[in-house]
Amino acid sequence: TQLLEQSPQFLSIQEGENLTVYCNSSSVFSSLQWYRQEPGEGPVLLVTVVTGGEVKKLKRLTFQFGDARKDSSLHITAAQPGDTGLYLCAVSFRLGNEKLTFGTGTRLTIIP
Amino acid sequence: ETGVTQTPRHLVMGMTNKKSLKCEQHLGHNAMYWYKQSAKKPLELMFVYSLEERVENNSVPSRFSPECPNSSHLFLHLHTLQPEDSALYLCASSQDWSIASQPQHFGDGTRLSIL
């Protein structure tokens, strides 16, 4: 079974601080997605990355896909209370097996 | 509003009851999914349907029975569930199940509690 590890599991920081969360595996990904899930709701897609080394920005969020295609990070600048939620990474490990494997998530709390 | 609607939002049932979860998508997608989300565990894919045909069944116990009457509707029929089946059940849809890089659109889930 191919596992996807996310770290940290929990993170609580003050509004205005910066933070980075990680998604790692020992196996190569063909593609990776980041989702955010707020309490009482389903996950919502933030970004999809498919190219090793790719960097994408979404306002204050910066997503990076590792060169070796085995890891990814999500950096948030000047965190706001609206960023609170469960951040999930989801990957496809290889072409031809397009099922998504999800990580256990990072639960982020931004304190006003 | 994600375009995927799940009902009911909450369900409490005994182990001998029979109930059904419903999912409807208004996005014109061809693929629909059932996931189970338990505390401290990753989302677990249960079933995938593409154009009303089941294409993935992830070793799910037979007490869970999916049904996809058309590409917009998906059901999960529940019978003789166990306490460990208590979880959030999420439905999702995407344009094409064979392309994992496509976004999946999730409903808000049914919170199921087994007494």
# chains A, B, ... in the order shown; residues from 1 in each chain; ligands from 1
call {"tool": "residues_around", "arguments": {"residues": "Phe10 in chain A", "least_positions_apart": "3", "cutoff": "7 Å", "atoms": "only C-alpha atoms", "output": "JSON, numbers by chain"}}
result
{"A": [106, 107, 108]}
call {"tool": "interface_residues", "arguments": {"of": "chain B", "to": "chain A", "cutoff": "8 Å", "atoms": "only C-alpha atoms", "output": "CSV table (one decimal) with all heavy atoms, in the first residue's frame"}}
result
chain,number,residue,atom,x,y,z
B,40,LYS,N,-8.9,10.7,12.0
B,40,LYS,CA,-7.5,10.2,12.0
B,40,LYS,C,-7.2,9.2,11.0
B,40,LYS,O,-6.1,8.6,11.0
B,40,LYS,CB,-7.2,9.7,13.4
B,40,LYS,CG,-7.3,10.7,14.6
B,40,LYS,CD,-6.9,10.1,15.9
B,40,LYS,CE,-7.1,11.1,17.0
B,40,LYS,NZ,-6.7,10.6,18.3
B,41,LYS,N,-8.0,9.1,9.9
B,41,LYS,CA,-7.7,8.2,8.8
B,41,LYS,C,-7.9,9.0,7.5
B,41,LYS,O,-8.7,9.9,7.4
B,41,LYS,CB,-8.6,7.0,8.8
B,41,LYS,CG,-8.4,6.1,10.0
B,41,LYS,CD,-9.4,4.9,10.0
B,41,LYS,CE,-9.2,3.9,8.9
B,41,LYS,NZ,-10.1,2.8,9.0
B,42,PRO,N,-7.1,8.6,6.5
B,42,PRO,CA,-7.3,9.3,5.2
B,42,PRO,C,-8.7,9.0,4.6
B,42,PRO,O,-9.3,8.0,4.9
B,42,PRO,CB,-6.2,8.7,4.3
B,42,PRO,CG,-5.3,8.0,5.2
B,42,PRO,CD,-6.1,7.6,6.4
B,43,LEU,N,-9.1,9.9,3.7
B,43,LEU,CA,-10.3,9.5,2.9
B,43,LEU,C,-10.1,8.2,2.2
B,43,LEU,O,-9.1,8.0,1.6
B,43,LEU,CB,-10.6,10.6,1.8
B,43,LEU,CG,-11.6,11.7,2.1
B,43,LEU,CD1,-11.1,12.6,3.1
B,43,LEU,CD2,-12.0,12.4,0.8
B,44,GLU,N,-11.1,7.3,2.4
B,44,GLU,CA,-11.0,6.0,1.7
B,44,GLU,C,-12.0,6.0,0.6
B,44,GLU,O,-13.2,6.2,0.8
B,44,GLU,CB,-11.4,4.9,2.8
B,44,GLU,CG,-10.6,4.9,4.0
B,44,GLU,CD,-11.2,3.9,5.0
B,44,GLU,OE1,-11.4,2.7,4.7
B,44,GLU,OE2,-11.5,4.3,6.1
B,90,LEU,N,-18.8,10.9,2.0
B,90,LEU,CA,-18.7,12.0,1.0
B,90,LEU,C,-18.9,11.4,-0.4
B,90,LEU,O,-18.4,10.4,-0.8
B,90,LEU,CB,-17.3,12.6,1.0
B,90,LEU,CG,-17.0,13.5,2.3
B,90,LEU,CD1,-15.5,13.7,2.4
B,90,LEU,CD2,-17.7,14.8,2.2
B,97,TRP,N,-13.3,9.8,-14.9
B,97,TRP,CA,-12.7,9.1,-13.8
B,97,TRP,C,-11.3,8.7,-14.2
B,97,TRP,O,-10.4,8.4,-13.3
B,97,TRP,CB,-13.5,7.9,-13.4
B,97,TRP,CG,-13.3,6.7,-14.3
B,97,TRP,CD1,-13.9,6.5,-15.5
B,97,TRP,CD2,-12.4,5.6,-14.1
B,97,TRP,NE1,-13.4,5.3,-16.1
B,97,TRP,CE2,-12.5,4.8,-15.2
B,97,TRP,CE3,-11.5,5.3,-13.1
B,97,TRP,CZ2,-11.8,3.6,-15.3
B,97,TRP,CZ3,-10.8,4.1,-13.2
B,97,TRP,CH2,-10.9,3.3,-14.3
B,98,SER,N,-10.9,8.5,-15.5
B,98,SER,CA,-9.6,8.0,-15.9
B,98,SER,C,-8.5,9.0,-15.8
B,98,SER,O,-7.4,8.7,-16.1
B,98,SER,CB,-9.7,7.3,-17.2
B,98,SER,OG,-10.0,8.3,-18.2
B,99,ILE,N,-8.9,10.2,-15.5
B,99,ILE,CA,-7.8,11.3,-15.5
B,99,ILE,C,-7.8,11.9,-14.1
B,99,ILE,O,-8.6,12.7,-13.7
B,99,ILE,CB,-8.1,12.4,-16.5
B,99,ILE,CG1,-8.2,11.8,-17.9
B,99,ILE,CG2,-7.0,13.5,-16.4
B,99,ILE,CD1,-8.6,12.8,-19.0
B,100,ALA,N,-6.9,11.4,-13.2
B,100,ALA,CA,-6.8,11.7,-11.8
B,100,ALA,C,-6.5,13.2,-11.6
B,100,ALA,O,-6.8,13.7,-10.6
B,100,ALA,CB,-5.8,10.9,-11.1
B,101,SER,N,-5.9,13.8,-12.6
B,101,SER,CA,-5.5,15.2,-12.4
B,101,SER,C,-6.7,16.2,-12.5
B,101,SER,O,-6.6,17.4,-12.2
B,101,SER,CB,-4.4,15.7,-13.4
B,101,SER,OG,-4.8,15.4,-14.7
B,102,GLN,N,-7.8,15.6,-13.0
B,102,GLN,CA,-9.0,16.5,-13.0
B,102,GLN,C,-9.6,16.7,-11.6
B,102,GLN,O,-9.5,15.8,-10.8
B,102,GLN,CB,-10.1,15.8,-13.9
B,102,GLN,CG,-9.8,15.8,-15.4
B,102,GLN,CD,-11.0,15.3,-16.2
B,102,GLN,OE1,-11.9,14.7,-15.6
B,102,GLN,NE2,-10.9,15.5,-17.5
B,103,PRO,N,-10.1,17.9,-11.4
B,103,PRO,CA,-10.7,18.1,-10.0
B,103,PRO,C,-11.9,17.3,-9.7
B,103,PRO,O,-12.7,16.9,-10.6
B,103,PRO,CB,-11.1,19.6,-10.1
B,103,PRO,CG,-11.3,19.9,-11.5
B,103,PRO,CD,-10.3,19.0,-12.3
B,104,GLN,N,-12.0,16.9,-8.4
B,104,GLN,CA,-13.2,16.2,-7.9
B,104,GLN,C,-14.0,17.2,-7.1
B,104,GLN,O,-13.4,18.0,-6.3
B,104,GLN,CB,-12.8,15.0,-7.1
B,104,GLN,CG,-12.2,13.9,-7.9
B,104,GLN,CD,-12.1,12.6,-7.2
B,104,GLN,OE1,-12.7,12.4,-6.1
B,104,GLN,NE2,-11.4,11.6,-7.7
B,105,HIS,N,-15.2,17.3,-7.4
B,105,HIS,CA,-16.1,18.2,-6.7
B,105,HIS,C,-16.9,17.4,-5.7
B,105,HIS,O,-17.6,16.4,-6.0
B,105,HIS,CB,-17.1,18.8,-7.7
B,105,HIS,CG,-16.4,19.7,-8.7
B,105,HIS,ND1,-16.4,21.1,-8.7
B,105,HIS,CD2,-15.6,19.4,-9.8
B,105,HIS,CE1,-15.7,21.6,-9.7
B,105,HIS,NE2,-15.2,20.5,-10.3
B,106,PHE,N,-16.8,17.8,-4.4
B,106,PHE,CA,-17.4,17.0,-3.3
B,106,PHE,C,-18.7,17.7,-2.8
B,106,PHE,O,-18.8,18.9,-2.8
B,106,PHE,CB,-16.4,17.0,-2.1
B,106,PHE,CG,-15.2,16.1,-2.3
B,106,PHE,CD1,-14.1,16.5,-3.0
B,106,PHE,CD2,-15.3,14.8,-1.8
B,106,PHE,CE1,-13.0,15.6,-3.2
B,106,PHE,CE2,-14.2,13.9,-2.0
B,106,PHE,CZ,-13.1,14.3,-2.7
B,107,GLY,N,-19.6,16.8,-2.3
B,107,GLY,CA,-20.7,17.3,-1.6
B,107,GLY,C,-20.3,17.5,-0.1
B,107,GLY,O,-19.1,17.3,0.2
B,108,ASP,N,-21.2,18.0,0.7
B,108,ASP,CA,-20.9,18.3,2.1
B,108,ASP,C,-21.0,17.1,3.0
B,108,ASP,O,-20.7,17.2,4.2
B,108,ASP,CB,-21.8,19.4,2.6
B,108,ASP,CG,-21.4,20.7,2.0
B,108,ASP,OD1,-20.2,20.9,1.6
B,108,ASP,OD2,-22.3,21.6,1.9
B,109,GLY,N,-21.4,15.9,2.4
B,109,GLY,CA,-21.3,14.7,3.2
B,109,GLY,C,-22.6,14.4,4.0
B,109,GLY,O,-23.4,15.2,4.3
call {"tool": "closest_residue", "arguments": {"among": "B:Cys23, B:Tyr33, B:Gly28, B:Pro8", "to": "Arg111 in chain B", "atoms": "only C-alpha atoms"}}
result
B:Pro8
call {"tool": "closest_residue", "arguments": {"among": "A:Gly53, A:Ser73, A:Gln80, A:Ile110", "to": "Val21 in chain A", "atoms": "only C-alpha atoms"}}
result
A:Ser73
call {"tool": "select_by_dssp", "arguments": {"residues": "chain A", "states": "strand (DSSP E)", "output": "PyMOL selection string"}}
result
chain A and resi 5-7+10-14+19-24+31-37+44-49+55-58+61-65+71-76+85-92+101-102+106-111
call {"tool": "closest_residue", "arguments": {"among": "A:Arg36, A:Tyr87, A:Leu61, A:Arg69", "to": "Gln6 in chain A", "atoms": "only C-alpha atoms"}}
result
A:Tyr87
call {"tool": "residues_around", "arguments": {"residues": "Leu27 in chain B", "least_positions_apart": "2", "cutoff": "9 Å", "atoms": "only C-alpha atoms", "output": "PyMOL selection string"}}
result
chain B and resi 2-4+25+29+72+93-95
